[in-house]
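S.K.: Pasting final-v8.csv below, which is CSV, C-alpha atoms and all ligand atoms.
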```csv
chain,number,residue,atom,x,y,z
A,1,MET,CA,-238.9,190.4,-1.9
A,2,GLY,CA,-238.2,193.2,-4.4
A,3,SER,CA,-235.5,195.1,-2.5
A,4,ALA,CA,-235.2,198.1,-4.8
A,5,THR,CA,-231.9,199.0,-3.2
A,6,SER,CA,-229.8,195.9,-3.3
A,7,ASP,CA,-227.5,198.0,-5.4
A,8,LEU,CA,-226.4,199.9,-2.3
A,9,PRO,CA,-222.7,199.6,-1.6
A,10,ALA,CA,-221.8,196.9,0.9
A,11,VAL,CA,-221.3,198.7,4.1
A,12,ARG,CA,-218.0,198.2,5.9
A,13,THR,CA,-217.6,201.5,7.7
A,14,PRO,CA,-218.7,203.0,11.0
A,15,LEU,CA,-221.9,203.6,9.1
A,16,GLY,CA,-222.1,199.8,8.7
A,17,ALA,CA,-221.7,199.3,12.4
A,18,LEU,CA,-224.5,201.7,13.0
A,19,ALA,CA,-226.7,200.2,10.3
A,20,ASP,CA,-227.3,197.1,12.4
A,21,THR,CA,-229.1,199.2,15.0
A,22,GLY,CA,-230.9,201.5,12.6
A,23,LEU,CA,-230.0,205.0,11.4
A,24,LYS,CA,-231.8,208.0,12.7
A,25,ILE,CA,-232.6,210.4,10.0
A,26,VAL,CA,-234.5,213.7,10.4
A,27,VAL,CA,-236.6,215.4,7.8
A,28,VAL,CA,-236.7,219.1,8.2
A,29,GLY,CA,-237.8,222.2,6.3
A,30,GLY,CA,-240.4,224.9,6.5
A,31,PHE,CA,-244.1,224.7,7.3
A,32,GLY,CA,-246.1,222.9,4.6
A,33,VAL,CA,-243.1,221.8,2.6
A,34,GLY,CA,-244.1,218.1,2.6
A,35,LYS,CA,-242.3,216.6,5.6
A,36,THR,CA,-245.3,214.7,6.9
A,37,THR,CA,-246.2,213.6,3.4
A,38,LEU,CA,-242.7,212.2,2.8
A,39,VAL,CA,-242.5,210.3,6.1
A,40,ARG,CA,-245.9,208.8,5.3
A,41,SER,CA,-245.2,207.9,1.8
A,42,VAL,CA,-242.0,206.0,2.5
A,43,SER,CA,-242.8,204.4,5.8
A,44,GLU,CA,-243.4,200.7,6.2
A,45,ILE,CA,-245.1,201.0,9.5
A,46,ARG,CA,-248.2,203.0,10.0
A,47,PRO,CA,-246.5,206.3,10.6
A,48,LEU,CA,-246.9,207.8,13.9
A,49,ASN,CA,-247.7,211.4,13.8
A,50,THR,CA,-249.4,214.1,15.7
A,51,GLU,CA,-251.1,215.8,12.8
A,52,GLU,CA,-253.9,217.9,14.1
A,53,VAL,CA,-256.5,219.9,12.4
A,54,MET,CA,-255.4,223.5,12.6
A,55,THR,CA,-257.6,225.2,15.0
A,56,GLN,CA,-258.7,228.8,15.0
A,57,ALA,CA,-256.0,229.3,17.6
A,58,GLY,CA,-253.3,228.9,14.9
A,59,VAL,CA,-254.8,231.5,12.7
A,60,GLY,CA,-252.3,234.4,12.3
A,61,VAL,CA,-249.7,232.3,14.2
A,62,ASP,CA,-248.9,229.6,11.7
A,63,SER,CA,-248.1,231.2,8.4
A,64,THR,CA,-250.2,229.6,5.6
A,65,ALA,CA,-249.1,232.0,2.9
A,66,GLY,CA,-248.8,230.0,-0.3
A,67,VAL,CA,-250.3,226.8,1.3
A,68,ALA,CA,-253.9,227.8,1.6
A,69,ALA,CA,-255.1,224.2,1.0
A,70,LYS,CA,-253.3,223.0,4.1
A,71,THR,CA,-255.7,222.3,7.0
A,72,THR,CA,-253.7,220.1,9.3
A,73,THR,CA,-250.5,220.7,11.0
A,74,THR,CA,-247.9,218.6,12.8
A,75,VAL,CA,-247.7,219.7,16.4
A,76,ALA,CA,-244.8,217.4,17.5
A,77,PHE,CA,-243.1,215.3,14.9
A,78,ASP,CA,-243.7,212.5,12.4
A,79,PHE,CA,-242.1,209.1,12.9
A,80,GLY,CA,-241.7,206.4,10.3
A,81,ARG,CA,-239.4,203.5,9.4
A,82,ILE,CA,-238.0,202.2,6.1
A,83,SER,CA,-235.7,199.3,5.4
A,84,LEU,CA,-233.3,200.2,2.5
A,85,ASN,CA,-231.9,196.7,2.4
A,86,ASP,CA,-231.7,193.7,4.8
A,87,ARG,CA,-229.2,195.5,7.0
A,88,MET,CA,-230.1,199.1,6.8
A,89,VAL,CA,-233.2,200.4,8.5
A,90,LEU,CA,-233.8,204.1,8.7
A,91,TYR,CA,-235.9,205.7,11.4
A,92,LEU,CA,-237.4,208.9,10.2
A,93,PHE,CA,-238.3,211.8,12.3
A,94,GLY,CA,-240.2,214.6,10.7
A,95,ALA,CA,-239.5,217.9,12.5
A,96,PRO,CA,-242.3,220.2,13.2
A,97,GLY,CA,-242.3,223.2,10.9
A,98,GLN,CA,-243.7,226.0,12.9
A,99,GLU,CA,-241.4,228.5,14.5
A,100,ARG,CA,-242.9,228.1,17.9
A,101,PHE,CA,-241.8,224.4,17.9
A,102,TRP,CA,-238.2,225.1,16.9
A,103,PHE,CA,-237.1,224.6,20.5
A,104,LEU,CA,-237.7,220.9,19.9
A,105,TRP,CA,-235.2,220.7,17.1
A,106,ASP,CA,-232.0,220.6,19.1
A,107,ARG,CA,-233.3,217.5,21.0
A,108,LEU,CA,-234.5,216.0,17.8
A,109,PHE,CA,-231.0,216.2,16.3
A,110,SER,CA,-229.3,214.3,19.1
A,111,GLY,CA,-228.1,211.0,17.7
A,112,THR,CA,-229.0,211.9,14.2
A,113,LEU,CA,-226.8,210.6,11.5
A,114,GLY,CA,-228.1,212.7,8.7
A,115,ALA,CA,-230.9,214.9,7.5
A,116,VAL,CA,-233.1,215.6,4.6
A,117,VAL,CA,-233.9,219.3,4.1
A,118,LEU,CA,-237.1,219.6,2.1
A,119,VAL,CA,-237.4,222.8,0.0
A,120,ASP,CA,-240.5,224.3,-1.5
A,121,THR,CA,-239.4,226.8,-4.2
A,122,ARG,CA,-242.6,228.8,-3.6
A,123,ARG,CA,-241.3,229.6,-0.1
A,124,MET,CA,-237.6,229.2,-0.2
A,125,ASP,CA,-236.9,231.4,2.8
A,126,GLU,CA,-238.5,228.7,5.0
A,127,SER,CA,-235.5,226.5,4.4
A,128,TRP,CA,-232.9,228.8,5.7
A,129,TYR,CA,-233.5,228.1,9.4
A,130,ALA,CA,-233.2,224.3,8.9
A,131,ILE,CA,-230.0,224.6,7.0
A,132,ASP,CA,-228.6,226.9,9.6
A,133,ARG,CA,-229.4,224.5,12.4
A,134,LEU,CA,-227.9,221.5,10.6
A,135,GLU,CA,-224.7,223.4,9.9
A,136,HIS,CA,-224.6,224.5,13.5
A,137,HIS,CA,-224.9,220.8,14.6
A,138,GLY,CA,-222.5,219.5,12.0
A,139,THR,CA,-225.2,217.1,10.8
A,140,PRO,CA,-224.7,216.0,7.2
A,141,PHE,CA,-227.7,216.6,5.0
A,142,VAL,CA,-229.0,216.5,1.4
A,143,VAL,CA,-231.5,219.0,0.0
A,144,ALA,CA,-234.6,217.6,-1.7
A,145,VAL,CA,-236.7,220.0,-3.7
A,146,ASN,CA,-240.4,219.0,-3.4
A,147,ARG,CA,-241.9,220.0,-6.7
A,148,PHE,CA,-245.4,221.4,-6.3
A,149,ASP,CA,-247.6,221.7,-9.4
A,150,ASP,CA,-248.3,225.3,-8.8
A,151,GLU,CA,-244.7,226.6,-8.8
A,152,PRO,CA,-244.9,229.9,-10.5
A,153,VAL,CA,-241.4,229.4,-12.1
A,154,ARG,CA,-239.6,226.1,-12.2
A,155,HIS,CA,-236.1,226.9,-10.8
A,156,SER,CA,-233.3,224.6,-11.7
A,157,LEU,CA,-231.4,222.8,-8.9
A,158,ASP,CA,-228.4,225.0,-9.7
A,159,GLU,CA,-230.5,228.2,-9.2
A,160,ILE,CA,-231.8,226.8,-5.9
A,161,ARG,CA,-228.3,225.9,-4.8
A,162,GLN,CA,-227.2,229.5,-5.4
A,163,ALA,CA,-230.3,230.9,-3.7
A,164,LEU,CA,-229.6,228.8,-0.6
A,165,ALA,CA,-225.8,229.4,-0.8
A,166,LEU,CA,-225.3,225.7,-0.6
A,167,PRO,CA,-221.8,224.4,-0.9
A,168,ALA,CA,-221.1,222.2,-3.9
A,169,HIS,CA,-220.6,219.1,-1.7
A,170,VAL,CA,-224.2,219.1,-0.5
A,171,PRO,CA,-226.2,216.7,-2.7
A,172,MET,CA,-229.4,218.1,-4.2
A,173,VAL,CA,-232.3,216.1,-5.7
A,174,ASP,CA,-235.8,216.8,-7.0
A,175,CYS,CA,-238.6,214.8,-5.5
A,176,ASP,CA,-242.3,214.4,-5.1
A,177,ALA,CA,-243.0,213.8,-1.4
A,178,ARG,CA,-246.2,212.0,-2.3
A,179,VAL,CA,-244.5,209.3,-4.3
A,180,ARG,CA,-242.9,206.5,-2.3
A,181,SER,CA,-240.2,205.7,-4.9
A,182,SER,CA,-239.3,209.4,-5.1
A,183,GLY,CA,-239.0,209.7,-1.3
A,184,LYS,CA,-237.0,206.5,-1.2
A,185,ASP,CA,-234.6,208.0,-3.8
A,186,VAL,CA,-234.0,211.0,-1.6
A,187,LEU,CA,-233.2,208.7,1.4
A,188,ILE,CA,-230.8,206.6,-0.8
A,189,THR,CA,-229.1,209.9,-1.9
A,190,LEU,CA,-228.6,210.7,1.8
A,191,VAL,CA,-227.3,207.3,2.7
A,192,ASP,CA,-224.9,207.4,-0.2
A,193,HIS,CA,-223.7,210.8,1.0
A,194,LEU,CA,-223.2,209.5,4.6
A,195,TYR,CA,-221.4,206.5,3.2
A,196,GLU,CA,-219.0,208.7,1.2
A,197,LEU,CA,-218.3,210.9,4.3
A,198,ALA,CA,-217.7,207.8,6.4
A,199,MET,CA,-215.3,206.4,3.7
A,200,ALA,CA,-213.5,209.8,3.5
A,201,GLN,CA,-213.1,209.8,7.3
A,202,GLU,CA,-211.8,206.3,7.3
A,203,THR,CA,-209.1,207.0,4.8
A,204,THR,CA,-208.0,210.2,6.6
A,205,PRO,CA,-205.0,209.3,8.7
B,1,LIG,N1,-248.9,219.2,-5.3
B,1,LIG,C1,-248.1,218.7,-4.3
B,1,LIG,N2,-248.6,218.8,-3.0
B,1,LIG,C2,-247.8,218.3,-2.0
B,1,LIG,C3,-246.6,217.7,-2.3
B,1,LIG,N3,-246.0,217.3,-1.1
B,1,LIG,C4,-246.9,217.7,-0.1
B,1,LIG,N4,-248.1,218.2,-0.7
B,1,LIG,C5,-249.2,218.7,0.0
B,1,LIG,O1,-248.8,219.9,0.7
B,1,LIG,C6,-249.4,220.0,2.0
B,1,LIG,C7,-248.4,220.1,3.1
B,1,LIG,O2,-247.7,218.9,3.2
B,1,LIG,P1,-247.3,218.4,4.7
B,1,LIG,O3,-246.6,217.1,4.4
B,1,LIG,O4,-248.4,218.4,5.7
B,1,LIG,O5,-246.2,219.5,5.1
B,1,LIG,P2,-245.3,219.6,6.4
B,1,LIG,O6,-245.8,220.8,7.2
B,1,LIG,O7,-243.9,219.9,5.9
B,1,LIG,O8,-245.4,218.3,7.2
B,1,LIG,C8,-250.3,218.7,2.1
B,1,LIG,O9,-251.6,219.1,1.8
B,1,LIG,C9,-249.7,217.8,1.1
B,1,LIG,O10,-250.7,216.9,0.5
B,1,LIG,C10,-246.1,217.6,-3.6
B,1,LIG,O11,-245.0,217.2,-3.9
B,1,LIG,N5,-246.9,218.2,-4.6
B,2,MG,MG,-246.0,218.0,9.1
```
Rewrite the coordinates I just gave you, this time as structure tokens.
M.R.:
Amino acid sequence: MGSATSDLPAVRTPLGALADTGLKIVVVGGFGVGKTTLVRSVSEIRPLNTEEVMTQAGVGVDSTAGVAAKTTTTVAFDFGRISLNDRMVLYLFGAPGQERFWFLWDRLFSGTLGAVVLVDTRRMDESWYAIDRLEHHGTPFVVAVNRFDDEPVRHSLDEIRQALALPAHVPMVDCDARVRSSGKDVLITLVDHLYELAMAQETTP
């Protein structure tokens, strides 16, 4: 069985009610930050995605600055599923990263309980838009820093928090999107955060 997350709190809140039907989580962030990688590495089902080999048509349109090795791109979104425990199933939607698909985001966010913002410190500016959209929608999120081996300087989470002007209540974690346990930790951080928010709401008169 090996449920790695049986230590999750027993769910009694509105979050608990939702958990029976599955929680919709979106994974957002800039182009090439590792969204498809994360959804693939944690998903229990063969992840559905629409990864396409980047065609000549994308040259000069999709920014590949800093991600020269990237030869495929997600044209719609990634989809995956993971059970965190026997009651909690997450449905993961990886948002497309290119600016010309940003119009899809508002639809993607409908019914979303929470989000993971993936950050690549080599291209931090790519994360601004995602954070701005989430704040606009009032969607709770955590920020996961996907550590690439060729980071010129390793910035601390505090430095990244400052650079992104993230409020103290937004959880931040390091991750390696390629590693299942690491991706799962990110999702657990998000669910814990959602749980705390739900508890806080319940205790507010
Ligand atoms: N070194 C390293 N490479 C990564 C990591 N995460 C993703 N990649 C690679 O970075 C590239 C972009 O990742 P992808 O998931 O397609 O990005 P997306 O555009 O956000 O969906 C792929 O070639 C991945 O294999 C990581 O944590 N470390
Ligand atoms: Mg992708």
S.K.: Looking at A:Ala177, A:Leu84, A:Leu157, A:Leu197, which one is nearest to ligand MG 2 (chain B), with distances taken over all atoms listed in the file?
M.R.: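 Nearest candidate to ligand MG 2 (chain B) out of A:Ala177, A:Leu84, A:Leu157, A:Leu197: A:Ala177.
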S.K.: My list of candidates is A:Ala165, A:Leu194, A:Leu187, A:Val153. Which is closest to Leu118 (chain A) when distances are computed with all atoms listed in the file?
M.R.: A:Leu187
S.K.: Using Å and a single decimal, report how far CA of Leu164 (chain A) sits from CA of Phe31 (chain A).
M.R.: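 Those two atoms sit 17.0 Å apart.
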S.K.: List all protein, DNA and RNA residues that have any atom at most 6 Å from ligand LIG 1 (chain B), counting all atoms listed in the file, and write the list as a list in words.
M.R.: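 Taking all atoms listed in the file into account, the residues around ligand LIG 1 (chain B) at most 6 Å away are Phe31, Gly32, Val33, Gly34, Lys35, Thr36, Thr37, Lys70, Gly97, Asn146, Arg147, Phe148, Asp149, Asp176, Ala177 and Arg178 of chain A.
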S.K.: I'd like the neighbourhood of Thr139 (chain A) as a PyMOL selection string, where a residue qualifies if any of its atoms comes within 12 Å (using all atoms listed in the file), though same-chain residues fewer than 6 positions away should be ignored.
M.R.: chain A and resi 24-28+106+108-117+130-133+170+190+193-194+197
S.K.: Generate the output file for the selected residues, C-alpha atoms, as a PDB file, in the coordinates of the input.
M.R.:
```pdb
ATOM      1  CA  LYS A  24    -231.800 208.000  12.700  1.00  0.00           C
ATOM      2  CA  ILE A  25    -232.600 210.400  10.000  1.00  0.00           C
ATOM      3  CA  VAL A  26    -234.500 213.700  10.400  1.00  0.00           C
ATOM      4  CA  VAL A  27    -236.600 215.400   7.800  1.00  0.00           C
ATOM      5  CA  VAL A  28    -236.700 219.100   8.200  1.00  0.00           C
ATOM      6  CA  ASP A 106    -232.000 220.600  19.100  1.00  0.00           C
ATOM      7  CA  LEU A 108    -234.500 216.000  17.800  1.00  0.00           C
ATOM      8  CA  PHE A 109    -231.000 216.200  16.300  1.00  0.00           C
ATOM      9  CA  SER A 110    -229.300 214.300  19.100  1.00  0.00           C
ATOM     10  CA  GLY A 111    -228.100 211.000  17.700  1.00  0.00           C
ATOM     11  CA  THR A 112    -229.000 211.900  14.200  1.00  0.00           C
ATOM     12  CA  LEU A 113    -226.800 210.600  11.500  1.00  0.00           C
ATOM     13  CA  GLY A 114    -228.100 212.700   8.700  1.00  0.00           C
ATOM     14  CA  ALA A 115    -230.900 214.900   7.500  1.00  0.00           C
ATOM     15  CA  VAL A 116    -233.100 215.600   4.600  1.00  0.00           C
ATOM     16  CA  VAL A 117    -233.900 219.300   4.100  1.00  0.00           C
ATOM     17  CA  ALA A 130    -233.200 224.300   8.900  1.00  0.00           C
ATOM     18  CA  ILE A 131    -230.000 224.600   7.000  1.00  0.00           C
ATOM     19  CA  ASP A 132    -228.600 226.900   9.600  1.00  0.00           C
ATOM     20  CA  ARG A 133    -229.400 224.500  12.400  1.00  0.00           C
ATOM     21  CA  VAL A 170    -224.200 219.100  -0.500  1.00  0.00           C
ATOM     22  CA  LEU A 190    -228.600 210.700   1.800  1.00  0.00           C
ATOM     23  CA  HIS A 193    -223.700 210.800   1.000  1.00  0.00           C
ATOM     24  CA  LEU A 194    -223.200 209.500   4.600  1.00  0.00           C
ATOM     25  CA  LEU A 197    -218.300 210.900   4.300  1.00  0.00           C
TER      26      LEU A 197
END
```
S.K.: For ligand MG 2 (chain B), which residue among A:Val42, A:Ala95, A:Leu23, A:Ala168 is the nearest when counting all atoms listed in the file?
M.R.: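 Checking each candidate against ligand MG 2 (chain B), we get A:Ala95 as the closest.
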S.K.: For ligand MG 2 (chain B), which residue among A:Thr203, A:Ile82, A:Phe93, A:Ile45 is the nearest when counting all atoms listed in the file?
M.R.: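 So, comparing all the options, the nearest one is A:Phe93.
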S.K.: Around (-230.9, 216.8, -2.5), as given in the file, which residues come within 7 Å? Count only C-alpha atoms and list them as a PyMOL selection string.
M.R.: chain A and resi 142-145+171-174+186
S.K.: What separation in Å, quoted to one decimal, exists between CA of Pro96 (chain A) and CA of His136 (chain A)?
M.R.: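 Taking CA of Pro96 (chain A) and CA of His136 (chain A), their separation equals 18.2 Å.
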S.K.: Between CA of Ser181 (chain A) and CA of Trp105 (chain A), what is the spacing in Å?
M.R.: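 A separation of 27.1 Å between them.
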S.K.: Restricting the calculation to all atoms listed in the file, which member of A:Glu44, A:Pro140, A:Glu151, A:Cys175 is positioned closest to Ala198 (chain A)?
M.R.: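 Distance minimum relative to Ala198 (chain A) lands on A:Pro140.
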S.K.: Taking into account only C-alpha atoms and all ligand atoms, which residue in the set A:Gly94, A:Ser43, A:Leu166, A:Asn85 is nearest to ligand MG 2 (chain B)?
M.R.: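 Ranking A:Gly94, A:Ser43, A:Leu166, A:Asn85 by distance to ligand MG 2 (chain B), first place goes to A:Gly94.
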